[in-house]
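The structure file target03.cif is reproduced below (mmCIF, C-alpha atoms and all ligand atoms).
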data_target
loop_
_atom_site.label_atom_id
_atom_site.label_comp_id
_atom_site.auth_asym_id
_atom_site.auth_seq_id
_atom_site.Cartn_x
_atom_site.Cartn_y
_atom_site.Cartn_z
CA MET A 99 112.51 -74.19 16.98
CA VAL A 100 109.22 -73.59 18.66
CA ASN A 101 109.86 -73.55 22.37
CA ARG A 102 106.68 -74.41 24.14
CA ILE A 103 105.23 -77.05 26.40
CA VAL A 104 102.41 -79.25 25.25
CA VAL A 105 99.56 -78.50 27.62
CA GLY A 106 96.64 -80.28 26.02
CA ALA A 107 93.84 -78.68 24.07
CA HIS A 108 93.04 -74.98 23.75
CA TYR A 109 95.58 -74.05 21.13
CA GLY A 110 94.62 -71.64 18.42
CA LEU A 111 93.41 -68.10 18.81
CA LYS A 112 91.15 -68.34 15.76
CA ASP A 113 89.18 -71.26 17.17
CA TRP A 114 89.04 -69.56 20.55
CA ILE A 115 87.48 -66.49 18.98
CA ILE A 116 85.04 -68.51 16.87
CA GLN A 117 83.95 -70.49 19.92
CA ARG A 118 83.17 -67.22 21.71
CA ALA A 119 81.48 -65.60 18.71
CA THR A 120 79.24 -68.64 18.19
CA ALA A 121 78.50 -68.71 21.93
CA ILE A 122 77.31 -65.09 21.79
CA ILE A 123 75.13 -65.77 18.72
CA MET A 124 73.55 -68.80 20.43
CA ALA A 125 73.02 -66.88 23.66
CA ILE A 126 71.22 -64.05 21.83
CA TYR A 127 69.13 -66.53 19.85
CA THR A 128 68.19 -68.35 23.05
CA VAL A 129 66.84 -65.13 24.54
CA ILE A 130 64.90 -64.25 21.35
CA PHE A 131 63.52 -67.79 21.07
CA LEU A 132 62.33 -67.89 24.68
CA ALA A 133 60.77 -64.44 24.31
CA VAL A 134 58.92 -65.43 21.11
CA VAL A 135 57.67 -68.73 22.55
CA GLY A 136 56.67 -66.93 25.74
CA ALA A 137 54.76 -64.28 23.78
CA VAL A 138 53.06 -66.63 21.29
CA SER A 139 52.44 -69.56 23.69
CA PRO A 140 52.04 -71.93 20.74
CA ASN A 141 49.64 -74.73 21.63
CA SER A 142 48.80 -76.05 18.19
CA PHE A 143 50.77 -77.35 15.23
CA GLU A 144 49.88 -74.27 13.16
CA ALA A 145 50.96 -71.81 15.85
CA TRP A 146 54.26 -73.64 16.44
CA ARG A 147 54.98 -73.89 12.74
CA GLY A 148 54.00 -70.25 12.31
CA ILE A 149 56.93 -69.23 14.51
CA PHE A 150 59.39 -70.60 11.96
CA ALA A 151 57.43 -69.63 8.85
CA GLY A 152 58.76 -66.08 8.55
CA GLY A 153 61.99 -65.37 6.71
CA PHE A 154 63.65 -63.60 9.62
CA MET A 155 63.03 -66.41 12.12
CA LYS A 156 64.18 -68.98 9.56
CA PHE A 157 67.34 -67.00 8.99
CA ILE A 158 68.29 -66.58 12.66
CA THR A 159 67.31 -70.17 13.47
CA PHE A 160 69.62 -71.33 10.70
CA LEU A 161 72.34 -69.02 12.01
CA PHE A 162 71.83 -70.60 15.44
CA PHE A 163 72.24 -74.10 14.01
CA VAL A 164 75.38 -73.23 12.08
CA SER A 165 76.85 -71.56 15.18
CA LEU A 166 75.90 -74.58 17.26
CA PHE A 167 77.60 -77.04 14.91
CA TYR A 168 80.78 -74.97 14.59
CA HIS A 169 80.85 -74.37 18.37
CA ALA A 170 80.31 -78.06 19.05
CA TRP A 171 83.10 -78.96 16.60
CA ILE A 172 85.64 -76.84 18.51
CA GLY A 173 84.34 -77.90 21.94
CA VAL A 174 84.12 -81.63 21.24
CA ARG A 175 87.49 -81.61 19.48
CA ASP A 176 89.00 -80.07 22.63
CA ILE A 177 87.44 -82.85 24.68
CA TRP A 178 88.91 -85.56 22.39
CA MET A 179 92.30 -83.84 22.64
CA ASP A 180 92.14 -84.04 26.42
CA TYR A 181 90.98 -87.65 26.80
CA ALA A 182 91.64 -89.59 23.58
CA LYS A 183 95.39 -90.05 23.72
CA PRO A 184 96.26 -92.61 21.00
CA ASP A 185 96.72 -90.61 17.78
CA GLY A 186 94.74 -93.02 15.60
CA LEU A 187 91.75 -93.09 17.92
CA ARG A 188 91.82 -89.32 18.28
CA LEU A 189 91.89 -88.86 14.52
CA VAL A 190 88.97 -91.24 13.99
CA LEU A 191 86.89 -89.49 16.68
CA MET A 192 87.64 -86.05 15.23
CA ILE A 193 86.74 -87.11 11.70
CA ALA A 194 83.54 -88.77 12.94
CA THR A 195 82.63 -85.61 14.88
CA ALA A 196 83.20 -83.34 11.90
CA ALA A 197 81.29 -85.72 9.62
CA VAL A 198 78.15 -85.91 11.77
CA LEU A 199 78.15 -82.15 12.31
CA VAL A 200 78.31 -81.43 8.58
CA GLY A 201 75.47 -83.91 8.14
CA TYR A 202 73.41 -82.17 10.84
CA ALA A 203 73.89 -78.84 9.06
CA GLY A 204 72.36 -80.32 5.90
CA TRP A 205 69.56 -81.83 7.95
CA ALA A 206 68.84 -78.47 9.61
CA VAL A 207 68.53 -76.77 6.20
CA GLN A 208 66.11 -79.45 5.11
CA ILE A 209 63.99 -79.12 8.28
CA LEU A 210 63.73 -75.35 7.99
CA TRP A 211 63.12 -75.01 4.25
CA ARG A 212 61.00 -78.07 3.56
CA MET A 213 58.57 -77.60 6.43
CA MET B 182 108.10 -68.32 31.14
CA ALA B 183 105.48 -71.02 31.22
CA GLU B 184 108.22 -73.60 31.71
CA MET B 185 109.47 -71.86 34.83
CA ALA B 186 105.99 -71.57 36.22
CA ILE B 187 105.37 -75.27 35.73
CA LYS B 188 108.73 -76.41 37.15
CA LYS B 189 108.15 -74.53 40.36
CA LYS B 190 107.34 -76.88 43.21
CA ARG B 191 103.73 -76.54 44.21
CA PRO B 192 101.77 -78.38 46.86
CA LYS B 193 99.89 -81.35 45.43
CA ASN B 194 96.98 -83.32 46.80
CA LEU B 195 95.71 -86.11 44.60
CA ASP B 196 94.00 -88.15 47.32
CA ILE B 197 90.59 -88.61 45.78
CA MET B 198 88.94 -89.08 49.19
CA THR B 199 90.08 -85.74 50.57
CA ILE B 200 89.78 -83.57 47.46
CA ARG B 201 86.83 -81.24 47.72
CA LEU B 202 85.95 -79.68 44.41
CA PRO B 203 84.92 -76.07 45.02
CA LEU B 204 81.73 -74.73 43.42
CA PRO B 205 83.49 -73.05 40.47
CA GLY B 206 85.13 -76.45 39.82
CA ILE B 207 81.78 -78.23 39.82
CA LEU B 208 80.41 -75.55 37.50
CA SER B 209 83.33 -76.10 35.17
CA ILE B 210 83.07 -79.88 34.91
CA LEU B 211 79.30 -79.61 34.47
CA HIS B 212 79.91 -77.16 31.66
CA ARG B 213 81.98 -79.77 29.85
CA ILE B 214 79.55 -82.60 30.63
CA SER B 215 76.55 -80.55 29.48
CA GLY B 216 78.26 -79.66 26.18
CA ALA B 217 79.16 -83.29 25.58
CA VAL B 218 75.71 -84.66 26.45
CA ILE B 219 73.92 -82.14 24.22
CA PHE B 220 76.33 -83.00 21.42
CA LEU B 221 75.59 -86.71 21.80
CA LEU B 222 71.83 -86.13 21.81
CA LEU B 223 71.81 -83.78 18.78
CA PRO B 224 70.37 -86.42 16.41
CA VAL B 225 67.46 -87.06 18.81
CA LEU B 226 66.84 -83.34 19.26
CA LEU B 227 66.95 -82.68 15.52
CA TRP B 228 64.55 -85.55 14.96
CA LEU B 229 62.16 -84.10 17.55
CA PHE B 230 62.44 -80.66 15.97
CA GLN B 231 61.77 -82.10 12.53
CA SER B 232 58.76 -84.10 13.73
CA SER B 233 57.31 -81.04 15.41
CA LEU B 234 57.41 -79.05 12.14
CA THR B 235 56.85 -81.41 9.23
CA SER B 236 53.13 -82.28 9.21
CA PRO B 237 50.15 -82.61 11.56
CA GLU B 238 50.82 -86.38 11.64
CA THR B 239 54.48 -86.07 12.64
CA PHE B 240 53.47 -83.35 15.09
CA ALA B 241 51.09 -85.84 16.73
CA THR B 242 53.97 -88.33 17.03
CA PHE B 243 56.10 -85.57 18.52
CA LYS B 244 53.37 -84.76 21.04
CA SER B 245 52.98 -88.35 22.14
CA VAL B 246 56.75 -88.87 22.51
CA VAL B 247 57.15 -85.65 24.50
CA GLY B 248 54.03 -86.52 26.50
CA ASN B 249 55.65 -89.63 27.96
CA PRO B 250 56.46 -88.93 31.64
CA LEU B 251 59.89 -90.55 31.36
CA VAL B 252 60.75 -88.46 28.30
CA LYS B 253 59.59 -85.38 30.19
CA ILE B 254 62.05 -86.08 32.99
CA VAL B 255 64.87 -86.55 30.47
CA LEU B 256 63.90 -83.33 28.66
CA LEU B 257 63.81 -81.44 31.95
CA GLY B 258 67.33 -82.70 32.65
CA LEU B 259 68.40 -81.59 29.17
CA ILE B 260 66.85 -78.16 29.63
CA TRP B 261 68.82 -77.85 32.85
CA LEU B 262 72.06 -78.92 31.14
CA TYR B 263 71.43 -76.37 28.38
CA MET B 264 70.60 -73.59 30.86
CA HIS B 265 73.65 -74.46 32.92
CA HIS B 266 75.89 -74.41 29.85
CA PHE B 267 74.27 -71.14 28.74
CA CYS B 268 74.67 -69.36 32.11
CA ALA B 269 78.11 -70.79 32.84
CA GLY B 270 79.10 -69.89 29.26
CA ILE B 271 78.11 -66.27 29.80
CA ARG B 272 80.13 -66.30 33.04
CA TYR B 273 83.16 -67.57 31.09
CA LEU B 274 82.71 -64.85 28.51
CA LEU B 275 82.74 -62.25 31.30
CA LEU B 276 85.81 -63.87 32.87
CA ASP B 277 87.49 -63.65 29.43
CA LEU B 278 86.88 -59.91 29.64
CA HIS B 279 88.57 -59.98 33.07
CA LYS B 280 85.30 -59.29 34.83
CA GLY B 281 84.97 -60.94 38.23
CA VAL B 282 88.24 -62.86 38.25
CA ASP B 283 89.07 -62.46 41.95
CA LEU B 284 88.24 -65.40 44.20
CA ALA B 285 85.25 -63.89 46.00
CA SER B 286 83.52 -62.74 42.80
CA ALA B 287 84.30 -66.02 41.05
CA ARG B 288 82.63 -67.93 43.88
CA LEU B 289 79.67 -65.60 43.97
CA SER B 290 79.15 -65.73 40.20
CA SER B 291 79.23 -69.53 40.20
CA LYS B 292 76.51 -69.55 42.85
CA ILE B 293 74.48 -67.17 40.69
CA VAL B 294 74.91 -69.48 37.70
CA PHE B 295 73.48 -72.44 39.64
CA VAL B 296 70.56 -70.48 41.06
CA VAL B 297 69.63 -68.78 37.78
CA SER B 298 69.97 -71.90 35.62
CA ILE B 299 67.87 -74.01 37.99
CA ALA B 300 65.23 -71.26 38.24
CA LEU B 301 65.05 -70.93 34.44
CA THR B 302 64.80 -74.72 34.11
CA LEU B 303 61.86 -74.84 36.51
CA ILE B 304 60.07 -71.97 34.79
CA ILE B 305 60.54 -73.43 31.31
CA GLY B 306 59.67 -76.92 32.52
CA ALA B 307 56.48 -75.66 34.16
CA LYS B 308 55.48 -73.72 31.06
CA VAL B 309 56.24 -76.16 28.25
CA LEU B 310 56.41 -79.64 29.80
CA TRP B 311 53.70 -79.74 32.44
C1 LIG C 1 73.73 -70.30 24.59
C2 LIG C 1 74.49 -71.21 24.16
C3 LIG C 1 75.93 -71.45 24.52
C4 LIG C 1 76.88 -70.65 25.12
C5 LIG C 1 76.73 -69.23 25.66
C6 LIG C 1 78.12 -71.45 25.18
C7 LIG C 1 79.33 -71.01 25.69
C8 LIG C 1 80.49 -71.74 25.70
C9 LIG C 1 81.80 -71.24 26.05
C10 LIG C 1 82.12 -69.82 26.49
C11 LIG C 1 82.68 -72.26 25.93
C12 LIG C 1 84.18 -72.21 26.21
C13 LIG C 1 84.51 -72.66 27.60
C14 LIG C 1 85.97 -72.84 27.84
O1 LIG C 1 86.80 -72.69 26.93
O2 LIG C 1 86.31 -73.19 28.97
C15 LIG C 1 81.94 -73.42 25.52
C16 LIG C 1 82.48 -74.68 25.35
C17 LIG C 1 81.78 -75.76 24.86
N1 LIG C 1 80.48 -75.78 24.40
FE1 LIG C 1 79.19 -74.25 24.52
N2 LIG C 1 77.88 -72.68 24.63
C18 LIG C 1 76.56 -72.71 24.22
C19 LIG C 1 75.90 -73.77 23.63
C20 LIG C 1 76.44 -75.02 23.41
C21 LIG C 1 75.71 -76.15 22.92
C22 LIG C 1 74.24 -76.16 22.54
C23 LIG C 1 76.57 -77.19 22.88
C24 LIG C 1 76.24 -78.59 22.41
C25 LIG C 1 76.81 -79.20 21.45
C26 LIG C 1 77.86 -76.73 23.35
C27 LIG C 1 79.01 -77.48 23.47
C28 LIG C 1 80.18 -77.07 24.01
C29 LIG C 1 81.32 -77.91 24.23
C30 LIG C 1 81.42 -79.41 23.95
C31 LIG C 1 82.33 -77.10 24.77
C32 LIG C 1 83.74 -77.53 25.20
C33 LIG C 1 83.73 -77.74 26.68
C34 LIG C 1 85.10 -77.92 27.27
O3 LIG C 1 86.12 -77.74 26.59
O4 LIG C 1 85.13 -78.23 28.47
N3 LIG C 1 77.75 -75.39 23.67
N4 LIG C 1 80.60 -73.09 25.38
#
In structure tokens, write the structure found in this file.
Amino acid sequence: MVNRIVVGAHYGLKDWIIQRATAIIMAIYTVIFLAVVGAVSPNSFEAWRGIFAGGFMKFITFLFFVSLFYHAWIGVRDIWMDYAKPDGLRLVLMIATAAVLVGYAGWAVQILWRM
Amino acid sequence: MAEMAIKKKRPKNLDIMTIRLPLPGILSILHRISGAVIFLLLPVLLWLFQSSLTSPETFATFKSVVGNPLVKIVLLGLIWLYMHHFCAGIRYLLLDLHKGVDLASARLSSKIVFVVSIALTLIIGAKVLW
């Protein structure tokens, strides 16, 4: 028998680690992004688009988006676990959250590689 | 272990009128709220990002949307929520490494989070929005 008390969300070491790893990736990207925008000061469509035209920037921007969606999945799921008590409702909210996030990931690919 | 700790009688005050949430508590609830709000606005943000990159025409739409004074205020609020989540998140990562866990440092670091995130918001807002 597993002898533990139910204390709400925040179970699972794997998710805990992934939430931190994605947080670090997003934090680093945020610094790079602000530095690039600060250095380039894009004030035209071409200059703004130019920032995301290079392979490296595309790659790390995509990495940022994937981290964001995975991070948001864990974070928002924790929030549902704390406030959405009826099992059915909680399940529906979690499935809806996962579904939109997977959709956003596809959308992000399309934005970055079709621009 | 955990069971014993929870069964122990501890003083409780749930009178909503006399509870004063300390700064690290405000930081914490704002961290949750900011994460949730950004999550809810993701489709709008992705749409803005897409419009800004797709073509000169969609870029013009993007410019006019972002040029609206009301939208600017909302975006400034969002930038603040992001910067708060970012700075408070880094503070949590340091706390996870057992850095600054005593009461005095925890209070000081939450003050720093508020000051730095508001300063960054104002700088970014001044540079890109106005
Ligand atoms: C630089 C970027 C970011 C950093 C450093 C960061 C950091 C963190 C950390 C450390 C946690 C765990 C806090 C805890 O367990 O108490 C967390 C939770 C969370 N994050 Fe982020 N995050 C970032 C960006 C985002 C973004 C853009 C979103 C928007 C979807 C987001 C949504 C959330 C949510 C919903 C939670 C759960 C909050 C809770 O359980 O109270 N994060 N973040």
Between atom CA of B:Arg201 and atom CA of B:Trp261, distance in Å (one decimal): 23.6 Å
Kindly provide, as an MDAnalysis selection string, the residues of chain A having any atom no farther than 10 Å from an atom of chain B, counting only C-alpha atoms. chainID A and resid 101:103 118:119 121:122 124:125 128 132 135:136 139:144 146:148 150:151 166:167 169:171 173:174 177 195 198:199 202 205:206 208:210 212:213
Of the candidates A:Val200, A:Ala194, A:Leu189, A:Ala133, which one gets nearest to A:Val164 if we count all atoms listed in the file?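 Selected residue with least distance to A:Val164: A:Val200.
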Residue with smallest distance to ligand LIG 1 (chain C) - pool B:Ser215, B:Ser291, B:Ser286, B:Asn249, counting only C-alpha atoms and all ligand atoms: B:Ser215
Looking at B:Leu204, B:Ala269, B:Ile254, B:Ala285, which one is nearest to ligand LIG 1 (chain C), with distances taken over all atoms listed in the file? B:Ala269
Which residue out of A:Gly152, A:Asp176, A:Ala137, A:Ile116 has the minimum interatomic distance to ligand LIG 1 (chain C) when only C-alpha atoms and all ligand atoms are used? A:Asp176
Here is a test: counting all atoms listed in the file, which residue of B:Leu278, B:Ile197, B:Ile304, B:Ile210 is nearest to ligand LIG 1 (chain C)?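 Nearest to ligand LIG 1 (chain C): B:Ile210.
Straight-line separation from atom C4 of ligand LIG 1 (chain C) to atom CA of A:Gln117: 8.8 Å.
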Between A:Gly186, A:Gly204, A:Gly153, A:Gly110, which one has atoms that come closest to ligand LIG 1 (chain C), using all atoms listed in the file?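 Going through A:Gly186, A:Gly204, A:Gly153, A:Gly110 one by one, the smallest distance to ligand LIG 1 (chain C) is for A:Gly110.
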Show me, as an MDAnalysis selection string, the residues that have an atom within 10 Å of B:Val296 when counting all atoms listed in the file, minus same-chain residues fewer than 6 positions from it. chainID B and resid 265 268 290 302
Could you work out how far atom CA of A:Phe163 lies from atom CA of A:Ile123, giving the answer in Å with one decimal?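 Calculated distance between atom CA of A:Ile123 and atom CA of A:Phe163 is 10.0 Å.
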Centre and size of axis-aligned box enclosing stretch 175-188 of chain A plus 5 Å each side, as JSON:
{"center_x": 92.1, "center_y": -86.6, "center_z": 21.2, "size_x": 19.3, "size_y": 23.0, "size_z": 21.2}
Non-local contacts of B:Val246 (9 Å; all atoms listed in the file; under 6 positions in same chain excluded) as a ChimeraX atom specification: /B:229,252-253
